[in-house]
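S.K.: To be precise about what I am sending: the file is called structure_28.txt and holds compact mmCIF, C-alpha atoms.
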# COMPACT_ATOMS: atom_id res chain seq x y z
CA MET A 1 0.00 0.00 0.00
CA SER A 2 1.51 3.34 -1.07
CA LYS A 3 1.92 6.11 1.51
CA ILE A 4 0.82 9.65 0.67
CA LEU A 5 1.56 12.80 2.65
CA VAL A 6 -1.09 15.53 2.23
CA VAL A 7 0.02 19.01 3.36
CA ASP A 8 -2.65 21.73 3.46
CA ASP A 9 -3.81 24.21 6.10
CA ASP A 10 -7.46 23.60 5.17
CA ILE A 11 -8.49 20.84 7.57
CA THR A 12 -11.74 20.14 5.69
CA LEU A 13 -9.87 19.53 2.44
CA ARG A 14 -7.22 17.43 4.22
CA MET A 15 -9.86 15.22 5.83
CA ALA A 16 -11.88 14.83 2.62
CA LEU A 17 -8.77 14.04 0.59
CA SER A 18 -7.51 11.63 3.24
CA ARG A 19 -10.85 9.81 3.26
CA TYR A 20 -10.99 9.70 -0.55
CA LEU A 21 -7.47 8.29 -0.87
CA THR A 22 -7.87 5.86 2.03
CA HIS A 23 -10.94 4.40 0.30
CA ARG A 24 -8.70 3.84 -2.74
CA HIS A 25 -6.26 1.79 -0.64
CA TYR A 26 -3.62 4.42 0.10
CA THR A 27 -2.14 5.06 3.53
CA VAL A 28 -2.50 8.79 4.17
CA ASN A 29 -0.61 10.98 6.61
CA ASP A 30 -1.52 14.67 6.75
CA ALA A 31 -0.05 17.93 7.96
CA GLY A 32 -1.46 21.44 8.36
CA SER A 33 1.71 23.39 7.54
CA GLY A 34 5.00 23.14 5.70
CA GLU A 35 6.89 22.79 8.97
CA GLU A 36 4.67 19.93 10.12
CA GLY A 37 4.90 18.39 6.65
CA LEU A 38 8.72 18.31 6.87
CA GLU A 39 8.55 16.71 10.32
CA LYS A 40 6.15 14.03 9.12
CA PHE A 41 8.19 13.49 5.95
CA ARG A 42 11.35 12.95 7.98
CA SER A 43 9.70 10.63 10.49
CA LYS A 44 8.00 8.42 7.91
CA THR A 45 9.04 8.98 4.29
CA PRO A 46 5.99 8.78 2.04
CA ASP A 47 5.84 7.45 -1.51
CA LEU A 48 4.26 10.70 -2.76
CA VAL A 49 3.50 14.22 -1.47
CA VAL A 50 0.48 16.40 -2.28
CA SER A 51 0.86 19.98 -1.02
CA ASP A 52 -0.93 23.30 -1.09
CA ILE A 53 1.11 26.45 -1.70
CA ILE A 54 -0.67 29.07 0.39
CA MET A 55 -0.12 28.13 4.04
CA PRO A 56 0.82 30.17 7.11
CA GLY A 57 4.48 30.08 8.09
CA MET A 58 6.35 27.99 5.58
CA ASP A 59 4.50 28.07 2.26
CA GLY A 60 4.37 25.17 -0.17
CA PHE A 61 7.17 26.51 -2.37
CA GLU A 62 9.58 26.58 0.57
CA PHE A 63 8.32 23.19 1.75
CA CYS A 64 9.04 21.72 -1.69
CA ARG A 65 12.47 23.42 -1.85
CA GLN A 66 13.49 22.02 1.53
CA LEU A 67 12.13 18.58 0.75
CA ARG A 68 14.03 18.47 -2.56
CA GLY A 69 17.17 19.62 -0.74
CA ALA A 70 17.16 16.54 1.48
CA PRO A 71 18.64 13.31 0.03
CA GLU A 72 15.54 11.29 0.96
CA GLY A 73 13.26 13.85 -0.72
CA GLN A 74 14.91 14.09 -4.10
CA LEU A 75 13.03 11.28 -5.87
CA VAL A 76 9.69 11.34 -4.05
CA PRO A 77 6.91 12.43 -6.44
CA PHE A 78 5.52 15.85 -5.48
CA ILE A 79 2.19 17.33 -6.64
CA PHE A 80 1.07 20.88 -5.90
CA LEU A 81 -2.67 21.27 -5.31
CA SER A 82 -3.33 25.01 -5.15
CA SER A 83 -5.83 27.77 -5.84
CA ARG A 84 -2.97 29.79 -7.35
CA SER A 85 -3.69 29.41 -11.03
CA ASP A 86 -1.38 31.96 -12.67
CA VAL A 87 1.09 30.60 -15.19
CA GLU A 88 3.91 32.18 -13.17
CA ASP A 89 2.83 30.23 -10.06
CA ARG A 90 2.74 26.96 -12.01
CA ILE A 91 6.15 27.67 -13.53
CA GLN A 92 7.56 28.48 -10.09
CA GLY A 93 6.06 25.25 -8.72
CA HIS A 94 7.76 23.18 -11.38
CA SER A 95 10.98 25.16 -10.97
CA MET A 96 10.96 24.33 -7.25
CA GLY A 97 10.85 20.63 -8.09
CA ALA A 98 7.18 19.72 -8.28
CA ASP A 99 6.37 16.87 -10.65
CA ASP A 100 2.83 18.10 -11.26
CA TYR A 101 0.48 20.98 -10.45
CA LEU A 102 -3.30 20.82 -10.13
CA ILE A 103 -5.52 23.87 -9.62
CA LYS A 104 -8.31 24.07 -7.00
CA PRO A 105 -11.16 23.46 -7.32
CA PHE A 106 -10.20 20.10 -8.77
CA GLU A 107 -11.79 16.85 -9.84
CA PRO A 108 -10.73 14.13 -7.35
CA ARG A 109 -10.51 11.55 -10.14
CA GLU A 110 -7.99 13.75 -11.97
CA LEU A 111 -5.86 14.03 -8.82
CA LEU A 112 -6.10 10.27 -8.39
CA ALA A 113 -4.96 9.75 -12.01
CA LYS A 114 -2.00 12.07 -11.43
CA ILE A 115 -1.10 10.26 -8.20
CA GLU A 116 -1.28 6.86 -9.88
CA GLY A 117 0.78 8.09 -12.83
CA GLN A 118 3.48 9.54 -10.59
CA LEU A 119 3.63 6.42 -8.41
CA GLU A 120 3.93 4.19 -11.49
CA ARG A 121 6.73 6.37 -12.85
CA SER A 122 8.46 6.17 -9.47
CA ARG A 123 8.15 2.36 -9.47
CA ARG A 124 9.73 2.20 -12.94
CA ILE A 125 12.61 4.46 -11.87
CA HIS A 126 13.27 2.36 -8.77
CA ALA A 127 13.09 -0.86 -10.79
CA GLU A 128 15.62 0.52 -13.28
CA ILE A 129 17.95 1.61 -10.46
CA GLN A 130 17.69 -1.90 -8.98
CA ARG A 131 18.42 -3.49 -12.37
CA LEU A 132 21.48 -1.28 -12.87
CA MET A 133 22.76 -2.02 -9.36
CA GLU A 134 22.42 -5.75 -10.00
CA LYS A 135 24.30 -5.32 -13.28
CA ILE A 136 27.09 -3.44 -11.48
CA CYS A 137 27.25 -6.15 -8.82
CA LEU A 138 27.55 -8.86 -11.47
CA TRP A 139 30.34 -6.90 -13.10
CA TRP A 140 32.15 -6.46 -9.75
CA GLU A 141 31.90 -10.19 -8.98
CA ARG A 142 34.55 -10.75 -11.64
CA TRP A 143 37.03 -8.71 -9.61
CA PRO A 144 38.75 -9.86 -6.43
CA ILE A 145 37.86 -6.65 -4.56
CA ARG A 146 34.29 -6.27 -3.30
CA VAL A 147 33.53 -2.56 -3.11
CA LEU A 148 29.83 -2.07 -3.86
CA CYS A 149 28.40 -5.54 -3.42
CA PRO A 150 28.36 -7.85 -0.38
What do you get writing this file as structure tokens?
M.R.:
Amino acid sequence: MSKILVVDDDITLRMALSRYLTHRHYTVNDAGSGEEGLEKFRSKTPDLVVSDIIMPGMDGFEFCRQLRGAPEGQLVPFIFLSSRSDVEDRIQGHSMGADDYLIKPFEPRELLAKIEGQLERSRRIHAEIQRLMEKICLWWERWPIRVLCP
């Protein structure tokens, strides 16, 4: 079961989104601010993050920047879900490291499709990394020195 972190200061939206995703067999953790989102991300790394931009304290852009700056946050799919619909906001979101951007109000099925697409892409990337690591290990087995492989 994939783990999703939902970060939004709107508790009603967080609860509705958590319920919707839980009914679709996702494990959902939620946070009401960027600071809380970083704490929850660090304590239990999710498979995907959905975040608002406009939040008190640390906004979503800064949250994304800090998450992408951490080694464990570099490959986790990140989707902005925001009422900020200007092209400049969307460009900034992608420039900060977001993989996708959806504008509120949104169709839950579209968000679900984006989540599923990002998780599938992430699975393919991890599978390719695993395949390459196995290939490297096979190559190293021909040498007397074991550096990368047990």
S.K.: Within 10 Å of (1.9, 17.0, 6.6) (coordinates as in the file), grab all the protein and nucleic acid residues, counting only C-alpha atoms, and write them out as a PyMOL selection string.
M.R.: chain A and resi 4-9+14+28-41+49-51
S.K.: Please report the interatomic distance between CA of Glu72 in chain A and CA of Met15 in chain A in Å with one decimal.
M.R.: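 So the two atoms, CA of Glu72 in chain A and CA of Met15 in chain A, lie 26.2 Å apart.
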S.K.: Here is a test: counting all atoms listed in the file, which residue of A:Gly93, A:Pro108, A:Pro77, A:Pro71 is nearest to Ile54 in chain A?
M.R.: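 The shortest atom-to-atom distance to Ile54 in chain A comes from A:Gly93.
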S.K.: I'd like the neighbourhood of Gln92 in chain A as a VMD selection string, where a residue qualifies if any of its atoms comes within 12 Å (using only C-alpha atoms), though same-chain residues fewer than 2 positions away should be ignored.
M.R.: chain A and resid 53 60 to 62 64 to 65 80 84 to 90 94 to 101
S.K.: Do you have the CA of Asp52 in chain A-CA of Ser83 in chain A distance handy?
M.R.: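 Separating CA of Asp52 in chain A from CA of Ser83 in chain A is a distance of 8.2 Å.
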S.K.: Nearest to Val76 in chain A among A:Ser43, A:Gln130, A:Gln118, A:Ser18, with distances taken over only C-alpha atoms: which residue is it?
M.R.: A:Gln118
S.K.: What lies within 12 Å of Glu110 in chain A using all atoms listed in the file, ignoring chain neighbours under 6 positions off, as a PyMOL selection string?
M.R.: chain A and resi 81+100-104+116-117
S.K.: Between CA of Gly73 in chain A and CA of Ala113 in chain A, what is the spacing in Å?
M.R.: 21.8 Å
